[in-house]
Amino acid sequence: MNDEDNYIEGWRRAKRVLVIAVKQVVLHRGITLGFLLVAINTVTMVVLENNQSASVYPGMADSIGIPIAGTQLLSFLVFPFLLLVAFLPKTLKGIYSTNSGLGTRVESIFIASISYLPCLCLSLHGSVYWTLPNHISIACLFYLSLVYLLFLVFTDVSTAYKTDLSLL
């Protein structure tokens with residue numbers, strides 16, 4: 001084998017390692033976001049039912065059904081955006097591998113904004129909405145999801161920025 005063959009083989013190995021790493025990141029994100037979504041809905045049900053049993057809410061009012069349905073509806077609405085967030089590294093890798101320049105940067109910012117903004121807004125809304133006495137465990141999960149989403153935003157922006165700089 002000559003040097004050129006070694007060079008090509010090295011790039012092939014690096015590409016395989018990168019593909020495996022991106023798949024692992026997508027899997028990690030998907031599992032974590034899915035766990036947070038299921039945990040928020042489960043804890044909401046448990047906390048509200050326990051509060052209803054402890055007579056925290058009025059007896060004949062429908063004060064328990066509306067928050068449960070609201071949280072489940074928001075979870076249903078945010079789920080497609082969470083999928084976009086989970087697959088964002090793969091999408092950005094595909095964008096940056098085929099293009100470069102200002103158009104690529106605008107496209108990646110647009111895709112990241114569409115993915116993250118609804119998730120961040122609904123996490124912030126849930127955090128503020130549930131920050132009440134007797135509901136702190138629900139709010140903590142919403143705050144945890146908000147912090148995790150902000151971590152992912154920072155990670156994706158810094159990765160895109162580094163990738164964009166390496167193309168110059």
# chains A, B, ... in the order shown; residues from 1 in each chain; ligands from 1

call {"tool": "residues_around", "arguments": {"residues": "Ile136 (chain A)", "least_positions_apart": "6", "cutoff": "10 Å", "atoms": "only C-alpha atoms", "output": "list in words"}}
result
Val47, Ser127, Trp130 and Phe142 of chain A

call {"tool": "write_last_selection", "arguments": {"atoms": "N, CA and C atoms", "output": "short mmCIF file (atom, residue, chain, number, x, y, z; two decimals), in the first residue's frame"}}
result
data_model
loop_
_atom_site.label_atom_id
_atom_site.label_comp_id
_atom_site.auth_asym_id
_atom_site.auth_seq_id
_atom_site.Cartn_x
_atom_site.Cartn_y
_atom_site.Cartn_z
N VAL A 47 -49.00 13.42 40.99
CA VAL A 47 -49.08 14.56 41.91
C VAL A 47 -50.51 15.09 41.98
N SER A 127 -42.72 25.14 33.27
CA SER A 127 -41.97 25.45 34.49
C SER A 127 -42.66 26.54 35.30
N TRP A 130 -46.31 25.38 36.66
CA TRP A 130 -46.36 24.41 37.77
C TRP A 130 -45.56 24.84 38.99
N PHE A 142 -40.00 20.00 34.58
CA PHE A 142 -40.01 20.98 33.49
C PHE A 142 -38.73 21.80 33.48
#

call {"tool": "closest_residue", "arguments": {"among": "A:Gly34, A:Val85, A:Ser55, A:Tyr148", "to": "Ser113 (chain A)", "atoms": "only C-alpha atoms"}}
result
A:Val85

call {"tool": "closest_residue", "arguments": {"among": "A:Phe154, A:Leu120, A:Ser108, A:Asn134", "to": "Thr91 (chain A)", "atoms": "only C-alpha atoms"}}
result
A:Ser108

call {"tool": "closest_residue", "arguments": {"among": "A:Leu141, A:Val25, A:Gly94, A:Thr71", "to": "Ala39 (chain A)", "atoms": "only C-alpha atoms"}}
result
A:Leu141

call {"tool": "closest_residue", "arguments": {"among": "A:Ile40, A:Cys121, A:Ile114, A:Gly30", "to": "Leu150 (chain A)", "atoms": "only C-alpha atoms"}}
result
A:Cys121

call {"tool": "closest_residue", "arguments": {"among": "A:Leu152, A:Val38, A:Ala112, A:Leu33", "to": "Gln72 (chain A)", "atoms": "only C-alpha atoms"}}
result
A:Val38

call {"tool": "closest_residue", "arguments": {"among": "A:Ile31, A:Phe81, A:Asp156, A:Leu36", "to": "Tyr143 (chain A)", "atoms": "only C-alpha atoms"}}
result
A:Leu36

call {"tool": "residues_around", "arguments": {"residues": "Ile109 (chain A)", "least_positions_apart": "4", "cutoff": "10 Å", "atoms": "only C-alpha atoms", "output": "list of chain:residue names"}}
result
A:Leu92, A:Gly103, A:Thr104, A:Arg105, A:Ser113, A:Ile114, A:Ser115, A:Val157, A:Ala160

call {"tool": "residues_around", "arguments": {"residues": "Thr44 (chain A)", "least_positions_apart": "5", "cutoff": "9 Å", "atoms": "only C-alpha atoms", "output": "list in words"}}
result
Ala39, Glu49, Pro67, Ile68, Thr71, His135, Ser137 and Ile138 of chain A

call {"tool": "atom_distance", "arguments": {"atom1": "CA of Phe110 (chain A)", "atom2": "CA of Tyr129 (chain A)"}}
result
28.3 Å

call {"tool": "decode", "arguments": {"residues": "region 76-118 of chain A", "atoms": "N, CA and C atoms", "output": "PDB file, in the first residue's frame"}}
result
ATOM      1  N   PHE A  76     -48.140  16.145  23.460  1.00  0.00           N
ATOM      2  CA  PHE A  76     -48.463  15.647  22.125  1.00  0.00           C
ATOM      3  C   PHE A  76     -48.030  16.650  21.055  1.00  0.00           C
ATOM      4  N   LEU A  77     -48.226  17.933  21.317  1.00  0.00           N
ATOM      5  CA  LEU A  77     -47.856  18.965  20.347  1.00  0.00           C
ATOM      6  C   LEU A  77     -46.342  19.137  20.225  1.00  0.00           C
ATOM      7  N   VAL A  78     -45.620  18.968  21.315  1.00  0.00           N
ATOM      8  CA  VAL A  78     -44.174  19.192  21.299  1.00  0.00           C
ATOM      9  C   VAL A  78     -43.398  17.962  20.816  1.00  0.00           C
ATOM     10  N   PHE A  79     -44.028  16.803  20.767  1.00  0.00           N
ATOM     11  CA  PHE A  79     -43.334  15.569  20.397  1.00  0.00           C
ATOM     12  C   PHE A  79     -42.654  15.639  19.026  1.00  0.00           C
ATOM     13  N   PRO A  80     -43.308  16.128  17.962  1.00  0.00           N
ATOM     14  CA  PRO A  80     -42.604  16.211  16.671  1.00  0.00           C
ATOM     15  C   PRO A  80     -41.369  17.119  16.720  1.00  0.00           C
ATOM     16  N   PHE A  81     -41.456  18.180  17.489  1.00  0.00           N
ATOM     17  CA  PHE A  81     -40.308  19.081  17.604  1.00  0.00           C
ATOM     18  C   PHE A  81     -39.174  18.425  18.399  1.00  0.00           C
ATOM     19  N   LEU A  82     -39.528  17.599  19.376  1.00  0.00           N
ATOM     20  CA  LEU A  82     -38.498  16.860  20.111  1.00  0.00           C
ATOM     21  C   LEU A  82     -37.796  15.851  19.200  1.00  0.00           C
ATOM     22  N   LEU A  83     -38.545  15.270  18.263  1.00  0.00           N
ATOM     23  CA  LEU A  83     -37.912  14.388  17.281  1.00  0.00           C
ATOM     24  C   LEU A  83     -36.938  15.165  16.402  1.00  0.00           C
ATOM     25  N   LEU A  84     -37.339  16.378  16.012  1.00  0.00           N
ATOM     26  CA  LEU A  84     -36.423  17.221  15.237  1.00  0.00           C
ATOM     27  C   LEU A  84     -35.158  17.527  16.032  1.00  0.00           C
ATOM     28  N   VAL A  85     -35.314  17.809  17.321  1.00  0.00           N
ATOM     29  CA  VAL A  85     -34.155  18.089  18.174  1.00  0.00           C
ATOM     30  C   VAL A  85     -33.266  16.852  18.277  1.00  0.00           C
ATOM     31  N   ALA A  86     -33.878  15.683  18.389  1.00  0.00           N
ATOM     32  CA  ALA A  86     -33.092  14.451  18.512  1.00  0.00           C
ATOM     33  C   ALA A  86     -32.266  14.192  17.252  1.00  0.00           C
ATOM     34  N   PHE A  87     -32.830  14.467  16.081  1.00  0.00           N
ATOM     35  CA  PHE A  87     -32.139  14.197  14.825  1.00  0.00           C
ATOM     36  C   PHE A  87     -31.381  15.404  14.281  1.00  0.00           C
ATOM     37  N   LEU A  88     -31.320  16.480  15.027  1.00  0.00           N
ATOM     38  CA  LEU A  88     -30.658  17.695  14.552  1.00  0.00           C
ATOM     39  C   LEU A  88     -29.166  17.504  14.254  1.00  0.00           C
ATOM     40  N   PRO A  89     -28.388  16.786  15.068  1.00  0.00           N
ATOM     41  CA  PRO A  89     -26.970  16.617  14.713  1.00  0.00           C
ATOM     42  C   PRO A  89     -26.782  15.928  13.366  1.00  0.00           C
ATOM     43  N   LYS A  90     -27.616  14.934  13.095  1.00  0.00           N
ATOM     44  CA  LYS A  90     -27.530  14.230  11.817  1.00  0.00           C
ATOM     45  C   LYS A  90     -27.912  15.164  10.672  1.00  0.00           C
ATOM     46  N   THR A  91     -28.940  15.971  10.880  1.00  0.00           N
ATOM     47  CA  THR A  91     -29.377  16.909   9.853  1.00  0.00           C
ATOM     48  C   THR A  91     -28.306  17.956   9.582  1.00  0.00           C
ATOM     49  N   LEU A  92     -27.751  18.523  10.644  1.00  0.00           N
ATOM     50  CA  LEU A  92     -26.714  19.542  10.468  1.00  0.00           C
ATOM     51  C   LEU A  92     -25.459  18.950   9.833  1.00  0.00           C
ATOM     52  N   LYS A  93     -25.128  17.719  10.183  1.00  0.00           N
ATOM     53  CA  LYS A  93     -23.973  17.065   9.568  1.00  0.00           C
ATOM     54  C   LYS A  93     -24.201  16.916   8.071  1.00  0.00           C
ATOM     55  N   GLY A  94     -25.422  16.544   7.688  1.00  0.00           N
ATOM     56  CA  GLY A  94     -25.733  16.417   6.268  1.00  0.00           C
ATOM     57  C   GLY A  94     -25.682  17.745   5.536  1.00  0.00           C
ATOM     58  N   ILE A  95     -26.154  18.791   6.189  1.00  0.00           N
ATOM     59  CA  ILE A  95     -26.134  20.118   5.565  1.00  0.00           C
ATOM     60  C   ILE A  95     -24.699  20.584   5.361  1.00  0.00           C
ATOM     61  N   TYR A  96     -23.879  20.454   6.390  1.00  0.00           N
ATOM     62  CA  TYR A  96     -22.503  20.942   6.303  1.00  0.00           C
ATOM     63  C   TYR A  96     -21.614  20.051   5.441  1.00  0.00           C
ATOM     64  N   SER A  97     -22.004  18.797   5.225  1.00  0.00           N
ATOM     65  CA  SER A  97     -21.174  17.933   4.389  1.00  0.00           C
ATOM     66  C   SER A  97     -21.391  18.202   2.906  1.00  0.00           C
ATOM     67  N   THR A  98     -22.529  18.788   2.538  1.00  0.00           N
ATOM     68  CA  THR A  98     -22.809  19.035   1.124  1.00  0.00           C
ATOM     69  C   THR A  98     -22.626  20.489   0.719  1.00  0.00           C
ATOM     70  N   ASN A  99     -22.727  21.417   1.639  1.00  0.00           N
ATOM     71  CA  ASN A  99     -22.674  22.838   1.312  1.00  0.00           C
ATOM     72  C   ASN A  99     -21.717  23.554   2.240  1.00  0.00           C
ATOM     73  N   SER A 100     -21.424  24.785   1.872  1.00  0.00           N
ATOM     74  CA  SER A 100     -20.684  25.666   2.764  1.00  0.00           C
ATOM     75  C   SER A 100     -21.055  27.095   2.406  1.00  0.00           C
ATOM     76  N   GLY A 101     -20.782  28.002   3.322  1.00  0.00           N
ATOM     77  CA  GLY A 101     -21.040  29.404   3.042  1.00  0.00           C
ATOM     78  C   GLY A 101     -22.180  29.965   3.853  1.00  0.00           C
ATOM     79  N   LEU A 102     -22.588  31.166   3.460  1.00  0.00           N
ATOM     80  CA  LEU A 102     -23.618  31.886   4.199  1.00  0.00           C
ATOM     81  C   LEU A 102     -24.968  31.176   4.131  1.00  0.00           C
ATOM     82  N   GLY A 103     -25.308  30.611   2.989  1.00  0.00           N
ATOM     83  CA  GLY A 103     -26.578  29.902   2.850  1.00  0.00           C
ATOM     84  C   GLY A 103     -26.682  28.717   3.789  1.00  0.00           C
ATOM     85  N   THR A 104     -25.589  28.031   3.969  1.00  0.00           N
ATOM     86  CA  THR A 104     -25.559  26.897   4.891  1.00  0.00           C
ATOM     87  C   THR A 104     -25.772  27.360   6.320  1.00  0.00           C
ATOM     88  N   ARG A 105     -25.133  28.461   6.681  1.00  0.00           N
ATOM     89  CA  ARG A 105     -25.296  28.994   8.037  1.00  0.00           C
ATOM     90  C   ARG A 105     -26.747  29.414   8.274  1.00  0.00           C
ATOM     91  N   VAL A 106     -27.356  30.109   7.311  1.00  0.00           N
ATOM     92  CA  VAL A 106     -28.751  30.546   7.454  1.00  0.00           C
ATOM     93  C   VAL A 106     -29.678  29.339   7.539  1.00  0.00           C
ATOM     94  N   GLU A 107     -29.436  28.340   6.705  1.00  0.00           N
ATOM     95  CA  GLU A 107     -30.263  27.134   6.721  1.00  0.00           C
ATOM     96  C   GLU A 107     -30.157  26.401   8.054  1.00  0.00           C
ATOM     97  N   SER A 108     -28.954  26.278   8.587  1.00  0.00           N
ATOM     98  CA  SER A 108     -28.787  25.577   9.863  1.00  0.00           C
ATOM     99  C   SER A 108     -29.423  26.355  11.009  1.00  0.00           C
ATOM    100  N   ILE A 109     -29.318  27.682  10.993  1.00  0.00           N
ATOM    101  CA  ILE A 109     -29.970  28.498  12.027  1.00  0.00           C
ATOM    102  C   ILE A 109     -31.480  28.359  11.935  1.00  0.00           C
ATOM    103  N   PHE A 110     -32.020  28.349  10.729  1.00  0.00           N
ATOM    104  CA  PHE A 110     -33.463  28.208  10.531  1.00  0.00           C
ATOM    105  C   PHE A 110     -33.956  26.856  11.042  1.00  0.00           C
ATOM    106  N   ILE A 111     -33.257  25.794  10.693  1.00  0.00           N
ATOM    107  CA  ILE A 111     -33.671  24.453  11.131  1.00  0.00           C
ATOM    108  C   ILE A 111     -33.561  24.319  12.649  1.00  0.00           C
ATOM    109  N   ALA A 112     -32.489  24.836  13.224  1.00  0.00           N
ATOM    110  CA  ALA A 112     -32.334  24.768  14.684  1.00  0.00           C
ATOM    111  C   ALA A 112     -33.409  25.589  15.382  1.00  0.00           C
ATOM    112  N   SER A 113     -33.753  26.746  14.831  1.00  0.00           N
ATOM    113  CA  SER A 113     -34.799  27.584  15.436  1.00  0.00           C
ATOM    114  C   SER A 113     -36.147  26.890  15.405  1.00  0.00           C
ATOM    115  N   ILE A 114     -36.484  26.302  14.269  1.00  0.00           N
ATOM    116  CA  ILE A 114     -37.761  25.587  14.162  1.00  0.00           C
ATOM    117  C   ILE A 114     -37.795  24.413  15.132  1.00  0.00           C
ATOM    118  N   SER A 115     -36.666  23.765  15.327  1.00  0.00           N
ATOM    119  CA  SER A 115     -36.616  22.608  16.221  1.00  0.00           C
ATOM    120  C   SER A 115     -36.710  23.004  17.686  1.00  0.00           C
ATOM    121  N   TYR A 116     -35.945  24.003  18.082  1.00  0.00           N
ATOM    122  CA  TYR A 116     -35.796  24.308  19.501  1.00  0.00           C
ATOM    123  C   TYR A 116     -36.835  25.271  20.066  1.00  0.00           C
ATOM    124  N   LEU A 117     -37.253  26.265  19.318  1.00  0.00           N
ATOM    125  CA  LEU A 117     -38.106  27.306  19.902  1.00  0.00           C
ATOM    126  C   LEU A 117     -39.400  26.781  20.512  1.00  0.00           C
ATOM    127  N   PRO A 118     -40.174  25.930  19.830  1.00  0.00           N
ATOM    128  CA  PRO A 118     -41.391  25.423  20.489  1.00  0.00           C
ATOM    129  C   PRO A 118     -41.090  24.613  21.746  1.00  0.00           C
TER     130      PRO A 118
END
